[in-house]
Amino acid sequence: MTDYDVLRVFCGPSGGYGNELGVVREGSLMPGRDDRRALAAKLGFSETVFVDDPERGVIDIYTPASRLPFAGHPCVGTAWLLDVPELVTPAGEVGTRLDGEFTWIEARAEWVPPRTLRQYASAAEVDALEVPPPGEWIYAWAWEDEAAGRVRARAFPGRGDGIDEDEATGAAALLLTDRLGRALNITQGRGSQLLTAPQPHGWVEVGGRVVLER
């Protein structure tokens, strides 16, 4: 088994919750895409990152079933782990910065694979949702406090790969921020926290807390 780190990304204020992420620091030891996909499936995290060049921040991201050109929580977690000024993904160069307890990335909405952003009338309705059948990637959200930019959200990837619900999803939060055009404070899943802010020229920042699980 290839060595890998396990992080939790977008943790809550107490350091709990967050979405688990596998990071293979020596991605060069497993260069083949089929091998990477197989390892990602074996690990079973929503995403696994392979670091191809730690100094330049070149990374490759996989779900248990497919390769992604960009994803939010893998970029935030890997930015925290490598402490580099940018990450190089197939979609483009992702700016990164560390600010106190938060790690931030800057990316573009057009890099995000298709998602359905589905608004509900209340946070209670989002809480009560059952996992939908596979086939559509759904980001269910509602305002908790619209004036303050506080959002309640849950994410259902719908890929049929064993990940029925994503605990914290930076890419979907980025899309929602781009659509609404305002900074957001999102509580997702069981208690994860994501902060976002639109930036000039179509960029969006997404930030959160990261801890090393093992």
# chains A, B, ... in the order shown; residues from 1 in each chain; ligands from 1
>>> residues_around(residues="Arg182 in chain A", least_positions_apart="5", cutoff="9 Å", atoms="only C-alpha atoms", output="ChimeraX atom specification")
/A:149,177,196-198
>>> write_last_selection(atoms="N, CA, C and O atoms", output="short mmCIF file (atom, residue, chain, number, x, y, z; two decimals), in the first residue's frame")
data_model
loop_
_atom_site.label_atom_id
_atom_site.label_comp_id
_atom_site.auth_asym_id
_atom_site.auth_seq_id
_atom_site.Cartn_x
_atom_site.Cartn_y
_atom_site.Cartn_z
N GLY A 149 -25.50 36.34 5.46
CA GLY A 149 -24.83 35.44 4.52
C GLY A 149 -24.64 34.03 5.04
O GLY A 149 -23.80 33.29 4.53
N THR A 177 -21.47 30.76 -4.42
CA THR A 177 -20.95 32.11 -4.20
C THR A 177 -20.92 32.90 -5.50
O THR A 177 -21.28 34.08 -5.54
N THR A 196 -16.62 31.70 2.10
CA THR A 196 -16.37 32.04 0.70
C THR A 196 -16.45 33.54 0.51
O THR A 196 -17.08 34.25 1.30
N ALA A 197 -15.84 34.02 -0.56
CA ALA A 197 -15.91 35.44 -0.90
C ALA A 197 -15.63 35.62 -2.38
O ALA A 197 -14.61 35.13 -2.87
N PRO A 198 -16.51 36.32 -3.11
CA PRO A 198 -16.21 36.61 -4.52
C PRO A 198 -15.05 37.59 -4.62
O PRO A 198 -14.86 38.46 -3.77
#
>>> residues_around(residues="Val9 in chain A", least_positions_apart="4", cutoff="7 Å", atoms="only C-alpha atoms", output="list in words")
Gly18, Asn19, Glu20, His73, Gly77, Gly208, Arg209, Val210 and Val211 of chain A
>>> residues_around(residues="range 32-35 of chain A", least_positions_apart="6", cutoff="10 Å", atoms="only C-alpha atoms", output="PyMOL selection string")
chain A and resi 41+60+62+66-67
>>> residues_around(residues="Phe10 in chain A", least_positions_apart="2", cutoff="12 Å", atoms="only C-alpha atoms", output="PyMOL selection string")
chain A and resi 7-8+12-21+72-77+80+101-104+166-170+173+185-196+206-212
>>> closest_residue(among="A:Arg37, A:Arg118, A:Arg159, A:Arg150", to="Gly135 in chain A", atoms="only C-alpha atoms")
A:Arg159
>>> closest_residue(among="A:Asp83, A:Asp178, A:Glu110, A:Glu146", to="Leu98 in chain A", atoms="only C-alpha atoms")
A:Asp83
>>> atom_distance(atom1="CA of Tyr139 in chain A", atom2="CA of Ala123 in chain A")
13.1 Å
>>> closest_residue(among="A:Ala171, A:Met30, A:Val51, A:Leu82", to="Ala107 in chain A", atoms="only C-alpha atoms")
A:Ala171
>>> select_by_dssp(residues="range 4-192 of chain A", states="strand (DSSP E or B)", output="number ranges by chain")
A: 5-11, 19-24, 48-53, 58-62, 67-68, 86-88, 93-99, 102-108, 116-119, 138-145, 150-156, 166, 184-188, 192
>>> atom_distance(atom1="CA of Val6 in chain A", atom2="CA of Glu213 in chain A")
5.3 Å
>>> residues_around(residues="Val24 in chain A", least_positions_apart="3", cutoff="7 Å", atoms="only C-alpha atoms", output="PyMOL selection string")
chain A and resi 3-5+27+49-51
>>> write_last_selection(atoms="N, CA and C atoms", output="PDB file, in the first residue's frame")
ATOM      1  N   ASP A   3       2.027   4.954   0.815  1.00  0.00           N
ATOM      2  CA  ASP A   3       1.829   5.810   1.981  1.00  0.00           C
ATOM      3  C   ASP A   3       0.941   6.996   1.612  1.00  0.00           C
ATOM      4  N   TYR A   4       0.098   7.403   2.544  1.00  0.00           N
ATOM      5  CA  TYR A   4      -0.769   8.553   2.307  1.00  0.00           C
ATOM      6  C   TYR A   4      -1.135   9.193   3.645  1.00  0.00           C
ATOM      7  N   ASP A   5      -1.454  10.477   3.603  1.00  0.00           N
ATOM      8  CA  ASP A   5      -1.956  11.210   4.758  1.00  0.00           C
ATOM      9  C   ASP A   5      -3.470  11.294   4.670  1.00  0.00           C
ATOM     10  N   GLY A  27       3.284  11.108  -5.416  1.00  0.00           N
ATOM     11  CA  GLY A  27       2.462  10.630  -6.516  1.00  0.00           C
ATOM     12  C   GLY A  27       3.263   9.984  -7.628  1.00  0.00           C
ATOM     13  N   VAL A  49      -5.949  12.868  -3.417  1.00  0.00           N
ATOM     14  CA  VAL A  49      -5.017  13.698  -4.191  1.00  0.00           C
ATOM     15  C   VAL A  49      -3.685  12.989  -4.337  1.00  0.00           C
ATOM     16  N   PHE A  50      -3.129  13.058  -5.532  1.00  0.00           N
ATOM     17  CA  PHE A  50      -1.774  12.576  -5.803  1.00  0.00           C
ATOM     18  C   PHE A  50      -0.910  13.798  -6.107  1.00  0.00           C
ATOM     19  N   VAL A  51       0.144  13.972  -5.311  1.00  0.00           N
ATOM     20  CA  VAL A  51       1.028  15.131  -5.478  1.00  0.00           C
ATOM     21  C   VAL A  51       2.149  14.741  -6.435  1.00  0.00           C
TER      22      VAL A  51
END
>>> residues_around(residues="Pro64 in chain A", least_positions_apart="6", cutoff="12 Å", atoms="only C-alpha atoms", output="PyMOL selection string")
chain A and resi 21-22+34-49+157+159-163
>>> write_last_selection(atoms="N, CA and C atoms", output="short mmCIF file (atom, residue, chain, number, x, y, z; two decimals), in the first residue's frame")
data_model
loop_
_atom_site.label_atom_id
_atom_site.label_comp_id
_atom_site.auth_asym_id
_atom_site.auth_seq_id
_atom_site.Cartn_x
_atom_site.Cartn_y
_atom_site.Cartn_z
N LEU A 21 -9.92 13.53 3.48
CA LEU A 21 -9.19 13.61 2.21
C LEU A 21 -7.93 12.76 2.32
N GLY A 22 -7.71 11.92 1.32
CA GLY A 22 -6.45 11.19 1.24
C GLY A 22 -5.47 11.94 0.36
N ASP A 34 -5.04 4.54 -14.07
CA ASP A 34 -5.84 3.40 -13.62
C ASP A 34 -5.44 3.00 -12.20
N ASP A 35 -4.14 3.03 -11.91
CA ASP A 35 -3.68 2.69 -10.57
C ASP A 35 -4.16 3.73 -9.56
N ARG A 36 -4.14 4.98 -9.94
CA ARG A 36 -4.60 6.03 -9.04
C ARG A 36 -6.10 5.89 -8.77
N ARG A 37 -6.84 5.61 -9.80
CA ARG A 37 -8.28 5.44 -9.62
C ARG A 37 -8.57 4.23 -8.73
N ALA A 38 -7.81 3.18 -8.91
CA ALA A 38 -8.00 1.98 -8.09
C ALA A 38 -7.70 2.25 -6.63
N LEU A 39 -6.63 3.02 -6.37
CA LEU A 39 -6.29 3.34 -4.98
C LEU A 39 -7.35 4.25 -4.38
N ALA A 40 -7.82 5.23 -5.15
CA ALA A 40 -8.88 6.12 -4.65
C ALA A 40 -10.13 5.32 -4.29
N ALA A 41 -10.45 4.33 -5.11
CA ALA A 41 -11.61 3.48 -4.82
C ALA A 41 -11.38 2.65 -3.57
N LYS A 42 -10.16 2.15 -3.40
CA LYS A 42 -9.84 1.33 -2.23
C LYS A 42 -9.89 2.15 -0.95
N LEU A 43 -9.37 3.38 -1.00
CA LEU A 43 -9.38 4.24 0.19
C LEU A 43 -10.79 4.66 0.55
N GLY A 44 -11.62 4.94 -0.47
CA GLY A 44 -13.03 5.23 -0.23
C GLY A 44 -13.36 6.63 0.23
N PHE A 45 -12.40 7.56 0.16
CA PHE A 45 -12.71 8.96 0.47
C PHE A 45 -13.45 9.58 -0.71
N SER A 46 -14.14 10.69 -0.46
CA SER A 46 -14.83 11.34 -1.57
C SER A 46 -13.84 11.80 -2.63
N GLU A 47 -12.62 12.22 -2.20
CA GLU A 47 -11.52 12.50 -3.12
C GLU A 47 -10.19 12.10 -2.52
N THR A 48 -9.27 11.74 -3.41
CA THR A 48 -7.88 11.45 -3.05
C THR A 48 -6.98 12.24 -3.98
N VAL A 49 -5.95 12.87 -3.42
CA VAL A 49 -5.02 13.70 -4.19
C VAL A 49 -3.69 12.99 -4.34
N PRO A 157 -23.59 13.73 -4.16
CA PRO A 157 -22.89 13.59 -5.44
C PRO A 157 -23.63 12.78 -6.50
N ARG A 159 -23.18 9.87 -7.69
CA ARG A 159 -22.33 9.15 -8.64
C ARG A 159 -22.49 7.64 -8.56
N GLY A 160 -23.12 7.16 -7.48
CA GLY A 160 -23.26 5.72 -7.31
C GLY A 160 -21.95 5.03 -6.99
N ASP A 161 -21.01 5.76 -6.35
CA ASP A 161 -19.70 5.18 -6.05
C ASP A 161 -19.49 4.95 -4.56
N GLY A 162 -20.58 4.94 -3.80
CA GLY A 162 -20.48 4.70 -2.37
C GLY A 162 -20.46 5.95 -1.52
N ILE A 163 -20.28 7.14 -2.14
CA ILE A 163 -20.31 8.40 -1.42
C ILE A 163 -21.70 9.00 -1.62
#
>>> atom_distance(atom1="CA of Ser122 in chain A", atom2="CA of Asp145 in chain A")
9.9 Å
>>> closest_residue(among="A:Ile138, A:Arg108, A:Arg152, A:Val58", to="Ala124 in chain A", atoms="only C-alpha atoms")
A:Arg152
>>> closest_residue(among="A:His201, A:Trp111, A:Ala153, A:Thr89", to="Ala128 in chain A", atoms="only C-alpha atoms")
A:Ala153
>>> select_by_dssp(residues="range 4-192 of chain A", states="alpha helix (DSSP H)", output="VMD selection string")
chain A and resid 33 to 43 72 to 82 123 to 127 170 to 180
